[in-house]
Each structure stands twice: as structure tokens, then as C-alpha cells.
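Participant: Handing over final-v4.cif, mmCIF, C-alpha atoms, pLDDT in the B column; chains and numbers go by the auth columns.
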```cif
data_entry
#
loop_
_atom_site.group_PDB
_atom_site.id
_atom_site.type_symbol
_atom_site.label_atom_id
_atom_site.label_comp_id
_atom_site.label_asym_id
_atom_site.label_seq_id
_atom_site.Cartn_x
_atom_site.Cartn_y
_atom_site.Cartn_z
_atom_site.B_iso_or_equiv
_atom_site.auth_seq_id
_atom_site.auth_asym_id
ATOM 1 C CA MET A 1 0.000 0.000 0.000 77.00 7 A
ATOM 2 C CA SER A 2 1.440 3.355 -0.987 89.00 8 A
ATOM 3 C CA ARG A 3 -1.147 5.722 0.487 92.00 9 A
ATOM 4 C CA LEU A 4 -3.443 5.842 3.485 92.00 10 A
ATOM 5 C CA TRP A 5 -6.788 7.580 2.914 92.00 11 A
ATOM 6 C CA LEU A 6 -8.928 8.682 5.870 93.00 12 A
ATOM 7 C CA ALA A 7 -12.457 9.868 5.136 91.00 13 A
ATOM 8 C CA VAL A 8 -15.282 11.250 7.272 92.00 14 A
ATOM 9 C CA GLU A 9 -18.846 11.602 5.990 89.00 15 A
ATOM 10 C CA ASP A 10 -21.863 13.113 7.698 88.00 16 A
ATOM 11 C CA ILE A 11 -24.969 10.945 7.518 85.00 17 A
ATOM 12 C CA GLY A 12 -27.576 13.193 9.085 81.00 18 A
ATOM 13 C CA SER A 13 -26.262 15.458 11.842 78.00 19 A
ATOM 14 C CA ASN A 14 -28.572 18.401 12.543 78.00 20 A
ATOM 15 C CA LEU A 15 -25.725 20.880 12.014 80.00 21 A
ATOM 16 C CA PRO A 16 -22.853 19.159 10.141 81.00 22 A
ATOM 17 C CA ASP A 17 -20.556 22.216 10.222 80.00 23 A
ATOM 18 C CA ALA A 18 -20.557 22.139 14.037 82.00 24 A
ATOM 19 C CA MET A 19 -19.155 18.600 14.196 84.00 25 A
ATOM 20 C CA GLN A 20 -15.465 18.345 15.111 86.00 26 A
ATOM 21 C CA PRO A 21 -14.373 14.825 14.097 89.00 27 A
ATOM 22 C CA VAL A 22 -10.960 13.521 15.112 89.00 28 A
ATOM 23 C CA TRP A 23 -8.715 10.578 14.459 90.00 29 A
ATOM 24 C CA ALA A 24 -7.294 10.387 17.996 87.00 30 A
ATOM 25 C CA ASP A 25 -4.263 8.372 19.108 86.00 31 A
ATOM 26 C CA ALA A 26 -3.816 7.562 15.407 88.00 32 A
ATOM 27 C CA GLU A 27 -0.634 5.713 14.536 90.00 33 A
ATOM 28 C CA LEU A 28 0.858 3.544 11.837 92.00 34 A
ATOM 29 C CA ILE A 29 2.576 0.330 12.881 91.00 35 A
ATOM 30 C CA GLY A 30 5.936 -0.274 11.241 89.00 36 A
ATOM 31 C CA PRO A 31 9.149 -2.251 11.591 89.00 37 A
ATOM 32 C CA SER A 32 10.554 0.297 14.069 89.00 38 A
ATOM 33 C CA GLY A 33 7.371 0.475 16.133 90.00 39 A
ATOM 34 C CA PRO A 34 4.399 2.844 16.035 91.00 40 A
ATOM 35 C CA VAL A 35 4.630 6.202 14.250 91.00 41 A
ATOM 36 C CA ALA A 36 2.143 8.904 15.265 89.00 42 A
ATOM 37 C CA LEU A 37 0.035 10.033 12.332 90.00 43 A
ATOM 38 C CA SER A 38 0.342 13.627 13.525 87.00 44 A
ATOM 39 C CA THR A 39 4.095 13.510 12.742 90.00 45 A
ATOM 40 C CA LEU A 40 3.415 12.890 9.035 90.00 46 A
ATOM 41 C CA THR A 41 2.468 15.560 6.501 90.00 47 A
ATOM 42 C CA PRO A 42 -0.588 14.708 4.426 91.00 48 A
ATOM 43 C CA VAL A 43 -0.275 14.810 0.629 91.00 49 A
ATOM 44 C CA ALA A 44 -3.953 15.664 0.311 73.00 50 A
ATOM 45 C CA GLY A 45 -4.791 17.524 3.478 63.00 51 A
ATOM 46 C CA GLY A 46 -7.554 19.909 2.577 75.00 52 A
ATOM 47 C CA GLY A 47 -9.687 18.124 5.167 85.00 53 A
ATOM 48 C CA LEU A 48 -7.565 19.054 8.174 87.00 54 A
ATOM 49 C CA ARG A 49 -9.119 21.301 10.817 87.00 55 A
ATOM 50 C CA GLU A 50 -7.212 23.877 12.870 83.00 56 A
ATOM 51 C CA GLY A 51 -6.814 23.354 16.592 78.00 57 A
ATOM 52 C CA SER A 52 -4.260 23.516 19.372 72.00 58 A
ATOM 53 C CA GLY A 53 -3.394 21.263 22.243 70.00 59 A
ATOM 54 C CA PRO A 54 -4.012 17.541 22.485 68.00 60 A
ATOM 55 C CA VAL A 55 -6.848 15.965 20.533 72.00 61 A
ATOM 56 C CA VAL A 56 -9.638 15.336 23.045 64.00 62 A
ATOM 57 C CA THR A 57 -12.479 12.809 22.770 59.00 63 A
ATOM 58 C CA PRO A 58 -14.873 11.403 25.379 54.00 64 A
ATOM 59 C CA LEU A 59 -12.433 8.478 25.684 54.00 65 A
ATOM 60 C CA GLY A 60 -9.523 10.720 26.681 54.00 66 A
ATOM 61 C CA SER A 61 -6.901 12.889 25.061 57.00 67 A
ATOM 62 C CA GLY A 62 -3.728 12.297 23.141 64.00 68 A
ATOM 63 C CA GLY A 63 -2.163 12.655 19.730 71.00 69 A
ATOM 64 C CA GLY A 64 -4.005 12.514 16.459 81.00 70 A
ATOM 65 C CA ILE A 65 -5.424 14.769 13.801 89.00 71 A
ATOM 66 C CA ARG A 66 -8.425 17.068 13.639 90.00 72 A
ATOM 67 C CA VAL A 67 -10.476 16.876 10.450 92.00 73 A
ATOM 68 C CA ALA A 68 -13.428 18.710 8.965 91.00 74 A
ATOM 69 C CA ASN A 69 -16.843 17.235 8.392 89.00 75 A
ATOM 70 C CA PRO A 70 -16.862 15.945 5.677 89.00 76 A
ATOM 71 C CA SER A 71 -13.209 15.369 4.827 91.00 77 A
ATOM 72 C CA VAL A 72 -10.679 13.204 3.016 91.00 78 A
ATOM 73 C CA VAL A 73 -7.028 13.236 4.066 93.00 79 A
ATOM 74 C CA ALA A 74 -4.299 11.161 2.376 94.00 80 A
ATOM 75 C CA TYR A 75 -0.783 10.239 3.538 93.00 81 A
ATOM 76 C CA ASP A 76 2.051 8.940 1.378 94.00 82 A
ATOM 77 C CA ILE A 77 3.350 5.845 3.162 94.00 83 A
ATOM 78 C CA ALA A 78 5.160 4.144 0.254 93.00 84 A
ATOM 79 C CA GLY A 79 8.345 2.306 1.190 91.00 85 A
ATOM 80 C CA ARG A 80 7.918 2.835 4.931 90.00 86 A
ATOM 81 C CA GLY A 81 7.078 -0.803 5.732 91.00 87 A
ATOM 82 C CA PHE A 82 3.910 -0.007 7.659 92.00 88 A
ATOM 83 C CA THR A 83 1.789 -3.069 8.367 90.00 89 A
ATOM 84 C CA GLY A 84 -1.145 -1.603 10.283 90.00 90 A
ATOM 85 C CA PHE A 85 -3.073 1.472 11.344 91.00 91 A
ATOM 86 C CA ARG A 86 -4.840 2.050 14.648 89.00 92 A
ATOM 87 C CA GLY A 87 -6.506 4.870 16.491 86.00 93 A
ATOM 88 C CA VAL A 88 -9.680 6.110 18.136 85.00 94 A
ATOM 89 C CA ILE A 89 -12.410 7.906 16.231 86.00 95 A
ATOM 90 C CA GLY A 90 -14.630 10.480 17.840 82.00 96 A
ATOM 91 C CA VAL A 91 -16.151 13.925 17.963 82.00 97 A
ATOM 92 C CA GLU A 92 -13.944 16.364 19.819 80.00 98 A
ATOM 93 C CA ASN A 93 -16.787 18.554 21.067 76.00 99 A
ATOM 94 C CA ALA A 94 -18.977 15.614 22.148 66.00 100 A
ATOM 95 C CA ARG A 95 -18.608 16.533 25.843 64.00 101 A
ATOM 96 C CA THR A 96 -20.759 19.619 25.265 66.00 102 A
ATOM 97 C CA ASP A 97 -24.500 19.616 24.490 58.00 103 A
ATOM 98 C CA ILE A 98 -23.661 18.590 20.931 62.00 104 A
ATOM 99 C CA GLY A 99 -24.829 15.050 21.565 58.00 105 A
ATOM 100 C CA LYS A 100 -28.216 16.177 22.842 61.00 106 A
ATOM 101 C CA THR A 101 -28.967 19.031 20.491 66.00 107 A
ATOM 102 C CA LEU A 102 -27.185 18.336 17.205 66.00 108 A
ATOM 103 C CA SER A 103 -27.544 14.543 16.947 73.00 109 A
ATOM 104 C CA PRO A 104 -24.058 13.756 15.598 75.00 110 A
ATOM 105 C CA ALA A 105 -24.146 11.119 12.870 82.00 111 A
ATOM 106 C CA LEU A 106 -20.732 10.504 11.292 86.00 112 A
ATOM 107 C CA ARG A 107 -19.022 7.636 9.510 88.00 113 A
ATOM 108 C CA PHE A 108 -15.253 7.167 9.512 91.00 114 A
ATOM 109 C CA TYR A 109 -13.499 5.197 6.755 90.00 115 A
ATOM 110 C CA VAL A 110 -9.947 3.928 6.177 91.00 116 A
ATOM 111 C CA PHE A 111 -8.808 3.070 2.640 88.00 117 A
ATOM 112 C CA GLY A 112 -5.604 1.874 0.991 88.00 118 A
ATOM 113 C CA VAL A 113 -6.562 3.472 -2.327 85.00 119 A
ATOM 114 C CA GLU A 114 -8.419 6.667 -3.178 84.00 120 A
ATOM 115 C CA PRO A 115 -12.096 6.167 -2.326 80.00 121 A
ATOM 116 C CA ASN A 116 -15.010 6.932 -4.599 75.00 122 A
ATOM 117 C CA ARG A 117 -16.746 9.585 -2.498 70.00 123 A
ATOM 118 C CA GLU A 118 -20.028 8.948 -4.278 71.00 124 A
ATOM 119 C CA ARG A 119 -20.111 5.397 -2.943 68.00 125 A
ATOM 120 C CA LEU A 120 -17.588 5.302 -0.081 61.00 126 A
ATOM 121 C CA LEU A 121 -16.989 1.641 -0.674 52.00 127 A
ATOM 122 C CA PRO A 122 -13.633 0.028 -1.363 49.00 128 A
ATOM 123 C CA PRO A 123 -12.977 0.530 -5.101 53.00 129 A
ATOM 124 C CA THR A 124 -11.948 -3.104 -5.517 58.00 130 A
ATOM 125 C CA ALA A 125 -14.525 -5.700 -6.497 63.00 131 A
ATOM 126 C CA GLY A 126 -15.861 -8.303 -4.099 65.00 132 A
ATOM 127 C CA ALA A 127 -16.501 -8.415 -0.389 65.00 133 A
ATOM 128 C CA PRO A 128 -13.708 -7.189 1.909 63.00 134 A
ATOM 129 C CA LEU A 129 -13.655 -10.536 3.732 70.00 135 A
ATOM 130 C CA PRO A 130 -14.784 -13.971 2.614 78.00 136 A
ATOM 131 C CA ALA A 131 -18.097 -15.152 4.032 79.00 137 A
ATOM 132 C CA PRO A 132 -17.709 -17.440 7.050 83.00 138 A
ATOM 133 C CA PRO A 133 -18.629 -21.089 6.589 87.00 139 A
ATOM 134 C CA ALA A 134 -22.328 -21.935 6.867 89.00 140 A
ATOM 135 C CA LEU A 135 -23.517 -23.013 10.304 87.00 141 A
ATOM 136 C CA THR A 136 -24.499 -26.648 9.929 91.00 142 A
ATOM 137 C CA THR A 137 -24.600 -27.774 13.572 93.00 143 A
ATOM 138 C CA VAL A 138 -26.099 -26.435 16.774 94.00 144 A
ATOM 139 C CA ASP A 139 -22.692 -26.548 18.502 94.00 145 A
ATOM 140 C CA ALA A 140 -21.041 -24.492 15.730 94.00 146 A
ATOM 141 C CA ALA A 141 -23.837 -21.903 15.920 95.00 147 A
ATOM 142 C CA VAL A 142 -23.475 -21.562 19.705 95.00 148 A
ATOM 143 C CA GLU A 143 -19.683 -21.191 19.428 95.00 149 A
ATOM 144 C CA ARG A 144 -19.928 -18.548 16.689 94.00 150 A
ATOM 145 C CA VAL A 145 -22.595 -16.453 18.420 94.00 151 A
ATOM 146 C CA PHE A 146 -20.700 -16.309 21.720 93.00 152 A
ATOM 147 C CA GLY A 147 -17.307 -15.927 20.050 92.00 153 A
ATOM 148 C CA HIS A 148 -18.367 -13.074 17.766 90.00 154 A
ATOM 149 C CA LEU A 149 -20.662 -11.200 20.151 91.00 155 A
ATOM 150 C CA LEU A 150 -18.978 -11.718 23.521 89.00 156 A
ATOM 151 C CA GLY A 151 -15.451 -12.724 22.522 88.00 157 A
ATOM 152 C CA ARG A 152 -15.565 -15.826 24.679 91.00 158 A
ATOM 153 C CA PRO A 153 -16.988 -19.345 24.685 93.00 159 A
ATOM 154 C CA PRO A 154 -20.317 -19.881 26.454 94.00 160 A
ATOM 155 C CA ARG A 155 -20.373 -20.950 30.086 93.00 161 A
ATOM 156 C CA GLN A 156 -22.000 -24.328 30.717 96.00 162 A
ATOM 157 C CA PRO A 157 -25.459 -22.964 31.721 94.00 163 A
ATOM 158 C CA GLU A 158 -25.345 -20.594 28.717 94.00 164 A
ATOM 159 C CA ARG A 159 -24.410 -23.452 26.392 95.00 165 A
ATOM 160 C CA LEU A 160 -27.297 -25.607 27.616 95.00 166 A
ATOM 161 C CA ALA A 161 -29.824 -22.776 27.191 94.00 167 A
ATOM 162 C CA ALA A 162 -28.441 -21.840 23.754 95.00 168 A
ATOM 163 C CA GLU A 163 -28.498 -25.425 22.511 94.00 169 A
ATOM 164 C CA ALA A 164 -32.078 -25.836 23.753 93.00 170 A
ATOM 165 C CA ALA A 165 -33.099 -22.685 21.847 93.00 171 A
ATOM 166 C CA LEU A 166 -31.436 -23.860 18.622 94.00 172 A
ATOM 167 C CA ARG A 167 -32.612 -27.470 18.586 93.00 173 A
ATOM 168 C CA ASP A 168 -35.570 -28.351 16.402 90.00 174 A
ATOM 169 C CA PRO A 169 -36.347 -32.081 16.092 87.00 175 A
ATOM 170 C CA ALA A 170 -37.585 -31.527 12.551 90.00 176 A
ATOM 171 C CA ARG A 171 -34.163 -30.157 11.498 87.00 177 A
ATOM 172 C CA GLY A 172 -31.951 -32.840 13.041 86.00 178 A
ATOM 173 C CA SER A 173 -28.561 -31.411 14.079 87.00 179 A
ATOM 174 C CA ARG A 174 -29.002 -28.227 12.013 91.00 180 A
ATOM 175 C CA PRO A 175 -29.816 -25.061 14.013 92.00 181 A
ATOM 176 C CA SER A 176 -33.311 -23.628 13.838 91.00 182 A
ATOM 177 C CA PRO A 177 -33.489 -20.152 12.184 91.00 183 A
ATOM 178 C CA GLN A 178 -36.084 -19.007 14.738 91.00 184 A
ATOM 179 C CA GLY A 179 -33.960 -20.409 17.555 92.00 185 A
ATOM 180 C CA LEU A 180 -30.914 -18.570 16.194 93.00 186 A
ATOM 181 C CA ALA A 181 -32.883 -15.310 16.116 92.00 187 A
ATOM 182 C CA ASP A 182 -33.992 -15.931 19.720 93.00 188 A
ATOM 183 C CA LEU A 183 -30.416 -16.692 20.803 94.00 189 A
ATOM 184 C CA LEU A 184 -29.074 -13.532 19.150 93.00 190 A
ATOM 185 C CA TRP A 185 -31.781 -11.479 20.869 92.00 191 A
ATOM 186 C CA ALA A 186 -31.014 -13.056 24.258 92.00 192 A
ATOM 187 C CA VAL A 187 -27.257 -12.422 23.963 92.00 193 A
ATOM 188 C CA LEU A 188 -27.752 -8.844 22.731 90.00 194 A
ATOM 189 C CA MET A 189 -29.918 -8.130 25.783 89.00 195 A
ATOM 190 C CA THR A 190 -27.104 -9.027 28.207 85.00 196 A
ATOM 191 C CA PRO A 191 -25.447 -6.230 30.274 83.00 197 A
ATOM 192 C CA GLU A 192 -22.435 -6.160 27.924 78.00 198 A
ATOM 193 C CA PHE A 193 -24.634 -4.497 25.283 80.00 199 A
ATOM 194 C CA GLN A 194 -26.569 -2.075 27.490 76.00 200 A
ATOM 195 C CA ILE A 195 -25.740 1.625 27.247 69.00 201 A
ATOM 196 C CA ILE A 196 -26.344 3.557 30.440 62.00 202 A
ATOM 197 C CA GLU A 197 -26.409 7.348 30.164 53.00 203 A
#
```
Can I see the file as C-alpha cells?
Facilitator:
Amino acid sequence: MSRLWLAVEDIGSNLPDAMQPVWADAELIGPSGPVALSTLTPVAGGGLREGSGPVVTPLGSGGGIRVANPSVVAYDIAGRGFTGFRGVIGVENARTDIGKTLSPALRFYVFGVEPNRERLLPPTAGAPLPAPPALTTVDAAVERVFGHLLGRPPRQPERLAAEAALRDPARGSRPSPQGLADLLWAVLMTPEFQIIE
């Protein structure tokens, strides 16, 4: 990859110009360790926003870049050996009433080639990742749901309840679609997914 493209699009904020999006704690991972994105000069930086001091988000403060809404910023990273990019996305002025009055609605994108701003999809054909294998057994369905949603295997009581929900004598060992929907609903209603304001 020779360039890193960072894009922000507004998808329905009440006052888009008031949004202050940031790529906080943004860094590229290379052979000599992480390199802060703020130390690089963008080759297409018309989307940068002025500001002083550390980049601040509700998750904390640190390095990073301030961008406009909407924006596209590109960095030339050819020949640097970077293997990854990481950071925190956010709205710098989210600690104010902006969340209650302006309904921020932003999308952040990372591309390895210049994006088509009309579509904001990767310009290469095909899905970004191959589809996972079809779930053909109750056990595989239970493992995937807990692994993907909670990042852990189910505990024994959870496994028993999940298997009971997925079993349908008419389907043999294949999981029931209705049971899978019920299991997804039950897991998504656990405290890990509740937002308390």
C-alpha cells in the first residue's frame, strides 16, 4: 500500500458544520514500532481542521489529527514498511450539548486506495472478507454467536440454554433459524450491550 486515505462523511447530523471529528491516538505500525500520524504531513490535506493542544475525545486525550466534516485526508506511506493502522475515532466537542442538540451522525473510513466519495466503498470488487462457513450444527452456531458477540466461549449454563433454543427435532442437528434469532436477541440483551447514560 502506498497511500493511506482517511475519510469522514456526515450521515444526518442536525448541524454538520458544528461537528469536530478527530482521528485520535492515530498511529501507523511499522518495523521500528508505532509512528504517530500527527508527525506525518498529508499529501492531500484539505480536510484538516485547525486546533491547538491535544486531541480530546470522550475516551480521553492524546495525539491525532483534527479533520473537517466531511473530509478526506491522504498520507504517502510508500516504502515505509507499515503493516497496520490504529486509532480512536470520535467527535472532539462531544462533551458539550452537541450530543443532545445536534444529533451527531458521522461515519469514519480507512482506505488503501483513493475512495469513490459517491459510494464510499472500497474501489476493488468483491466483499472485503470472505463469508464465514455456513452453520451446519447447533454446537457451531453456539460457538460462533458467543465468540463473535462476547469474545468468549459460552459458560456451561449458557451453552445448555443456547443449545435448547437452537434445537428443532424436525431439522436434526441443524440449528433452527427461529432459535438462532432468539439466541441472538437473548445475547444482545445481556449487560455487555446495554448503554447507560
Participant: Any idea what's packed within 6 Å of segment 172-187 of chain A, counting only C-alpha atoms, ignoring anything in its chain fewer than 6 positions away? Could you give it as number ranges by chain?
Facilitator: A: 142-144
Participant: Ranking A:Pro76, A:Gly153, A:Pro40, A:Gly69 by minimum distance to Arg113 of chain A and counting only C-alpha atoms, which one comes first?
Facilitator: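 With only C-alpha atoms as the atom set, the closest residue is A:Pro76.
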Participant: Of the candidates A:Met25, A:Val116, A:Leu12, A:Ala192, which shows the shortest atom-to-atom distance to Ala74 of chain A, using all atoms listed in the file?
Facilitator: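 Among A:Met25, A:Val116, A:Leu12, A:Ala192, it is A:Met25 that comes nearest to Ala74 of chain A.
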Participant: Have a look at A:Glu98, A:Glu56, A:Glu15, A:Asp82 and name the one nearest to Pro27 of chain A; count only C-alpha atoms.
Facilitator: A:Glu98
Participant: Translate the PyMOL selection byres ((chain A and resi 111) around 10), as applied to the file shown, into an explicit residue set as a ChimeraX atom specification.
Facilitator: /A:15-22,25,97,105,108-110,112-113
